[in-house]
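Data file: entry.txt. Format and content: compact mmCIF, C-alpha atoms.
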# COMPACT_ATOMS: atom_id res chain seq x y z
CA MET V 1 56.82 -1.49 48.15
CA GLY V 2 57.98 -0.55 44.68
CA LYS V 3 61.60 -0.54 45.79
CA LYS V 4 61.22 -3.97 47.40
CA LEU V 5 59.60 -5.36 44.26
CA SER V 6 62.35 -3.89 42.11
CA THR V 7 65.03 -5.37 44.35
CA SER V 8 63.34 -8.78 44.36
CA LEU V 9 63.07 -8.84 40.60
CA MET V 10 66.69 -7.86 40.20
CA LEU V 11 67.69 -10.70 42.52
CA LEU V 12 65.59 -13.08 40.46
CA ALA V 13 67.29 -11.75 37.34
CA ALA V 14 70.68 -12.50 38.88
CA LEU V 15 69.55 -16.01 39.76
CA LEU V 16 68.38 -16.57 36.23
CA VAL V 17 71.71 -15.49 34.82
CA THR V 18 73.92 -17.34 37.33
CA GLY V 19 71.81 -20.26 38.47
CA CYS V 20 69.28 -21.23 35.83
CA GLN V 21 71.75 -21.35 32.99
CA VAL V 22 74.16 -23.79 34.58
CA ASN V 23 76.05 -25.56 31.82
CA LYS V 24 76.09 -29.29 32.50
CA ARG V 25 77.51 -30.31 29.16
CA VAL V 26 80.00 -33.17 29.17
CA LEU V 27 83.25 -33.07 27.22
CA SER V 28 83.35 -36.07 24.91
CA PRO V 29 86.64 -37.87 24.26
CA ILE V 30 85.53 -38.64 20.70
CA SER V 31 83.80 -36.88 17.82
CA LEU V 32 80.81 -38.16 15.89
CA GLU V 33 83.01 -38.96 12.89
CA GLU V 34 85.53 -40.84 15.05
CA ALA V 35 82.70 -42.79 16.67
CA HIS V 36 81.24 -43.72 13.29
CA THR V 37 84.62 -45.04 12.14
CA ALA V 38 85.09 -47.05 15.35
CA PHE V 39 81.58 -48.50 15.28
CA SER V 40 81.82 -49.47 11.60
CA SER V 41 84.76 -51.76 12.40
CA GLN V 42 82.98 -53.39 15.36
CA ALA V 43 81.19 -56.69 14.70
CA ALA V 44 77.53 -56.58 15.73
CA VAL V 45 76.00 -59.37 17.83
CA PRO V 46 72.43 -60.43 16.95
CA VAL V 47 70.05 -59.49 19.75
CA SER V 48 68.76 -63.07 19.70
CA GLU V 49 72.15 -64.36 20.88
CA THR V 50 71.59 -63.48 24.51
CA GLY V 51 74.86 -64.76 25.92
CA PHE V 52 75.82 -61.12 26.41
CA CYS V 53 73.41 -61.09 29.36
CA ASP V 54 76.04 -63.04 31.31
CA ASN V 55 77.94 -59.76 31.61
CA ALA V 56 74.96 -57.59 32.52
CA ALA V 57 75.59 -54.91 35.15
CA ASP V 58 73.24 -54.88 38.13
CA LEU V 59 71.08 -51.81 38.51
CA THR V 60 69.60 -51.10 41.93
CA SER V 61 68.21 -48.06 43.70
CA THR V 62 71.52 -47.63 45.51
CA THR V 63 73.77 -48.11 42.48
CA ASN V 64 72.69 -45.52 39.94
CA LYS V 65 74.81 -45.91 36.85
CA ARG V 66 76.68 -43.20 34.98
CA LEU V 67 77.55 -44.69 31.62
CA GLY V 68 79.37 -43.66 28.49
CA MET V 69 77.67 -44.73 25.26
CA LEU V 70 80.98 -44.75 23.44
CA PRO V 71 83.11 -47.13 21.34
CA GLY V 72 85.00 -49.52 23.59
CA GLN V 73 82.44 -49.10 26.37
CA THR V 74 79.37 -50.57 24.68
CA LEU V 75 78.27 -53.74 22.97
CA MET V 76 77.18 -53.37 19.34
CA LEU V 77 73.89 -55.22 18.91
CA ASP V 78 72.05 -56.03 15.70
CA PHE V 79 68.32 -55.43 16.16
CA GLY V 80 67.46 -56.61 12.65
CA GLU V 81 66.61 -53.35 10.93
CA TYR V 82 69.48 -51.46 12.51
CA GLN V 83 72.50 -51.75 14.79
CA SER V 84 73.13 -49.73 17.92
CA PRO V 85 75.72 -49.46 20.68
CA THR V 86 74.10 -50.96 23.77
CA ARG V 87 74.51 -51.26 27.51
CA VAL V 88 73.12 -54.39 29.19
CA MET V 89 71.63 -54.00 32.66
CA ARG V 90 69.88 -56.39 35.05
CA VAL V 91 67.09 -55.32 37.42
CA GLY V 92 65.39 -57.19 40.23
CA ASP V 93 61.75 -58.05 40.94
CA GLY V 94 59.27 -55.26 41.37
CA VAL V 95 61.13 -52.58 39.43
CA GLN V 96 58.56 -50.62 37.45
CA ASN V 97 60.08 -47.22 36.81
CA LEU V 98 63.37 -46.12 35.35
CA VAL V 99 64.70 -42.64 34.63
CA ILE V 100 67.51 -42.11 32.16
CA GLU V 101 69.29 -38.78 32.15
CA SER V 102 71.09 -37.92 28.91
CA TYR V 103 73.72 -35.19 28.93
CA VAL V 104 74.57 -32.90 26.05
CA SER V 105 78.13 -33.85 25.09
CA THR V 106 80.57 -31.67 23.19
CA LYS V 107 83.67 -32.26 21.09
CA SER V 108 85.25 -29.28 19.35
CA ASP V 109 82.34 -27.48 17.68
CA GLN V 110 79.99 -30.48 17.89
CA ALA V 111 77.19 -30.87 20.44
CA PHE V 112 75.20 -34.08 20.65
CA LEU V 113 73.02 -36.18 22.95
CA PHE V 114 72.19 -39.88 23.18
CA TYR V 115 68.41 -40.45 23.08
CA PRO V 116 67.63 -43.81 24.77
CA VAL V 117 65.18 -46.59 24.07
CA ILE V 118 65.07 -49.94 25.86
CA THR V 119 64.62 -53.51 24.70
CA ALA V 120 63.42 -55.60 27.65
CA LEU V 121 64.11 -59.31 28.19
CA ASP V 122 62.59 -61.57 30.82
CA GLU V 123 64.37 -63.92 33.24
CA ASN V 124 64.68 -66.51 30.45
CA ARG V 125 66.13 -63.86 28.17
CA GLN V 126 63.10 -63.84 25.94
CA ASN V 127 62.45 -60.56 24.17
CA ILE V 128 59.48 -58.75 25.74
CA GLY V 129 59.60 -55.81 23.37
CA GLN V 130 60.99 -52.35 22.86
CA LEU V 131 60.13 -49.62 25.33
CA LYS V 132 60.15 -45.97 24.36
CA PRO V 133 60.14 -43.13 26.84
CA ARG V 134 56.87 -41.65 27.98
CA TYR V 135 55.80 -38.79 25.78
CA GLU V 136 56.67 -36.15 28.33
CA PHE V 137 60.23 -35.46 29.36
CA GLU V 138 62.20 -32.88 31.28
CA PHE V 139 65.00 -30.86 29.72
CA VAL V 140 66.88 -28.55 32.07
CA ASP V 141 70.45 -27.24 31.98
CA ASN V 142 71.55 -29.49 29.12
CA VAL V 143 70.16 -32.63 30.80
CA LEU V 144 67.34 -34.61 29.19
CA SER V 145 65.38 -36.82 31.63
CA ASN V 146 63.28 -39.60 30.10
CA HIS V 147 60.93 -41.79 32.13
CA PHE V 148 60.24 -45.44 31.32
CA THR V 149 57.60 -47.84 32.66
CA LEU V 150 59.02 -51.37 32.80
CA PRO V 151 57.01 -54.59 32.37
CA GLU V 152 56.70 -56.58 35.60
CA ASN V 153 58.68 -59.47 34.13
CA ALA V 154 61.54 -57.36 32.79
CA ARG V 155 64.90 -58.58 34.11
CA TYR V 156 67.40 -57.50 31.45
CA LEU V 157 67.38 -54.04 29.93
CA LEU V 158 69.19 -53.35 26.69
CA VAL V 159 69.73 -49.60 26.65
CA HIS V 160 70.30 -48.40 23.10
CA THR V 161 68.87 -45.97 20.54
CA SER V 162 67.15 -46.27 17.17
CA PRO V 163 67.55 -44.52 13.77
CA GLU V 164 64.50 -42.29 14.27
CA TYR V 165 66.37 -40.51 17.07
CA VAL V 166 69.74 -40.17 15.35
CA GLY V 167 70.82 -37.21 13.26
CA MET V 168 68.04 -34.72 13.90
CA SER V 169 68.59 -31.59 15.96
CA PHE V 170 66.64 -30.88 19.12
CA SER V 171 64.72 -28.09 17.38
CA GLU V 172 63.80 -30.46 14.52
CA SER V 173 62.55 -33.23 16.78
CA SER V 174 58.92 -32.03 17.02
CA PRO V 175 56.45 -33.54 16.56
CA ARG V 176 58.20 -36.92 16.86
CA VAL V 177 59.42 -35.98 20.31
CA MET V 178 57.21 -33.80 22.49
CA HIS V 179 58.99 -30.97 24.28
CA THR V 180 57.89 -30.21 27.80
CA TYR V 181 59.90 -28.40 30.41
CA SER V 182 60.13 -29.11 34.11
CA GLU V 183 59.40 -26.49 36.72
CA PRO V 184 62.80 -24.74 36.90
CA THR V 185 62.82 -23.95 33.19
CA GLY V 186 59.15 -23.00 33.23
CA ILE V 187 59.80 -20.60 36.10
CA ALA V 188 62.80 -19.14 34.34
CA MET V 189 60.89 -18.61 31.12
CA GLY V 190 57.91 -17.13 32.96
CA LEU V 191 60.14 -14.79 34.92
CA SER V 192 61.87 -13.67 31.76
CA ILE V 193 58.52 -12.49 30.43
CA ALA V 194 57.69 -10.80 33.73
CA LEU V 195 61.08 -9.12 33.83
CA GLY V 196 60.65 -8.01 30.26
CA ARG V 197 57.39 -6.31 31.21
CA TYR V 198 58.75 -4.73 34.39
CA PHE V 199 62.08 -3.77 32.87
CA PRO V 200 61.41 -3.19 29.15
CA SER V 201 65.12 -2.72 28.46
CA LEU V 202 65.71 -6.36 29.43
CA GLY V 203 63.15 -7.70 26.99
CA THR V 204 63.13 -11.50 27.11
CA SER V 205 66.90 -11.87 27.22
CA PHE V 206 66.59 -14.28 30.14
CA SER V 207 64.61 -16.82 28.14
CA HIS V 208 67.23 -19.47 27.43
CA THR V 209 65.30 -21.95 25.29
CA ALA V 210 67.50 -21.12 22.29
CA ASP V 211 70.58 -22.25 24.22
CA TYR V 212 69.21 -25.78 24.09
CA ALA V 213 68.44 -25.96 20.38
CA ASN V 214 72.00 -26.33 19.08
CA PHE V 215 72.70 -30.03 19.51
CA GLN V 216 71.77 -33.15 17.62
CA PHE V 217 70.68 -36.60 18.69
CA SER V 218 73.34 -39.25 18.13
CA ASN V 219 74.32 -42.83 18.92
CA ILE V 220 77.03 -41.71 21.33
CA GLY V 221 76.92 -39.69 24.51
CA HIS V 222 76.73 -39.88 28.30
CA ILE V 223 73.81 -41.08 30.38
CA LYS V 224 72.80 -41.88 33.94
CA LEU V 225 70.31 -44.63 34.95
CA MET V 226 68.22 -44.17 38.07
CA LEU V 227 65.54 -46.38 39.62

Could you render the structure from this file as structure tokens?
Amino acid sequence: MGKKLSTSLMLLAALLVTGCQVNKRVLSPISLEEAHTAFSSQAAVPVSETGFCDNAADLTSTTNKRLGMLPGQTLMLDFGEYQSPTRVMRVGDGVQNLVIESYVSTKSDQAFLFYPVITALDENRQNIGQLKPRYEFEFVDNVLSNHFTLPENARYLLVHTSPEYVGMSFSESSPRVMHTYSEPTGIAMGLSIALGRYFPSLGTSFSHTADYANFQFSNIGHIKLML
């Protein structure tokens, strides 16, 4: 029994090392400094001038969108108190839930992630209000998953960010952003403690929370939208 338990735990250890620390970071074609320079030369469109909705991309359950929040790929909108690169999406009737995955992006020695908020417009392009993610989110393997609840009359979604989410590191984001972990990370962290107790020489070396604390939130990055 002891041998079987030992073998099982060693297999779990191998899975933790090879499977639970999958690096899903995205290589960015541009640095934060280069993005700042590019954005500073881009004229911002007031959010009240909704003609940009004419070029909205349709978002359906069968057309999940992988998007770059990068200069040349986004519209720069002026939200009054701040400006932000923005993607404009259109959704149909009855859409209530949206998940946005944000990927840790790297350029040279920089690591950063785009933290999304949404400004919703109705069919007449009237501003319904800004939507922030639900308090809880999932962060696994360098992917941050945020969940949004959309108003029933939301038709246009302006996906952007805001100054409160730009510049701070992931480790500095509490308590403004609550950190919760989905099941895979929770299992990995729990097993690291168990392995540390069963194999004292291993300690908690399999706990990989620290690997996720070395990036900052920014106004550029890579995301995926899913209904």

What is the atom CA of V:Val26 to atom CA of V:Asp109 distance in Å?
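Interatomic distance, atom CA of V:Val26 to atom CA of V:Asp109: 13.0 Å.
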
With distances taken over only C-alpha atoms, the candidate from V:Glu33, V:Pro151, V:Arg25, V:Thr161 nearest V:Val95 is V:Pro151

Could you pull the residues within 7 Å of V:Pro71, counting only C-alpha atoms, minus those fewer than 2 positions along the same chain, as an NGL selection string?
:V and (35 or 38-39 or 73-74)

Separating atom CA of V:Tyr156 from atom CA of V:Val91, to the nearest tenth of an Å, is a gap of 6.4 Å

Give as number ranges by chain each residue that has an atom at most 10 Å from (69.1, -33.4, 17.3) in the file, counting all atoms listed in the file.
V: 111-115, 165-173, 213-218

Counting all atoms listed in the file, the residue of V:Ser102, V:Gln83, V:Thr50, V:Ser162 that sits nearest V:Lys224:
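Counting all atoms listed in the file, the residue closest to V:Lys224 is V:Ser102.
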
In Å, how far is it from atom CA of V:Glu81 to atom CA of V:Leu158?
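Computing the Euclidean distance for atom CA of V:Glu81 and atom CA of V:Leu158 yields 16.0 Å.
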
Which one is closest to V:Ile223: V:Leu77, V:Ile118, V:Met89, V:Val143? Count only C-alpha atoms.
V:Val143

Name all residues at most 8 Å from V:His160 (count only C-alpha atoms; drop same-chain ones fewer than 6 positions away) and give them as a ChimeraX atom specification.
/V:84-87,116-119

Could you please take those selected residues and save C-alpha atoms as an mmCIF file, keeping the file's coordinate frame?
data_model
loop_
_atom_site.group_PDB
_atom_site.id
_atom_site.type_symbol
_atom_site.label_atom_id
_atom_site.label_comp_id
_atom_site.auth_asym_id
_atom_site.auth_seq_id
_atom_site.Cartn_x
_atom_site.Cartn_y
_atom_site.Cartn_z
ATOM 1 C CA SER V 84 73.130 -49.730 17.920
ATOM 2 C CA PRO V 85 75.720 -49.460 20.680
ATOM 3 C CA THR V 86 74.100 -50.960 23.770
ATOM 4 C CA ARG V 87 74.510 -51.260 27.510
ATOM 5 C CA PRO V 116 67.630 -43.810 24.770
ATOM 6 C CA VAL V 117 65.180 -46.590 24.070
ATOM 7 C CA ILE V 118 65.070 -49.940 25.860
ATOM 8 C CA THR V 119 64.620 -53.510 24.700
#

Closest to V:Leu59 among V:Asp93, V:Asp122, V:Glu34, V:Asp78, using all atoms listed in the file?
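Between V:Asp93, V:Asp122, V:Glu34, V:Asp78, the residue approaching V:Leu59 most closely is V:Asp93.
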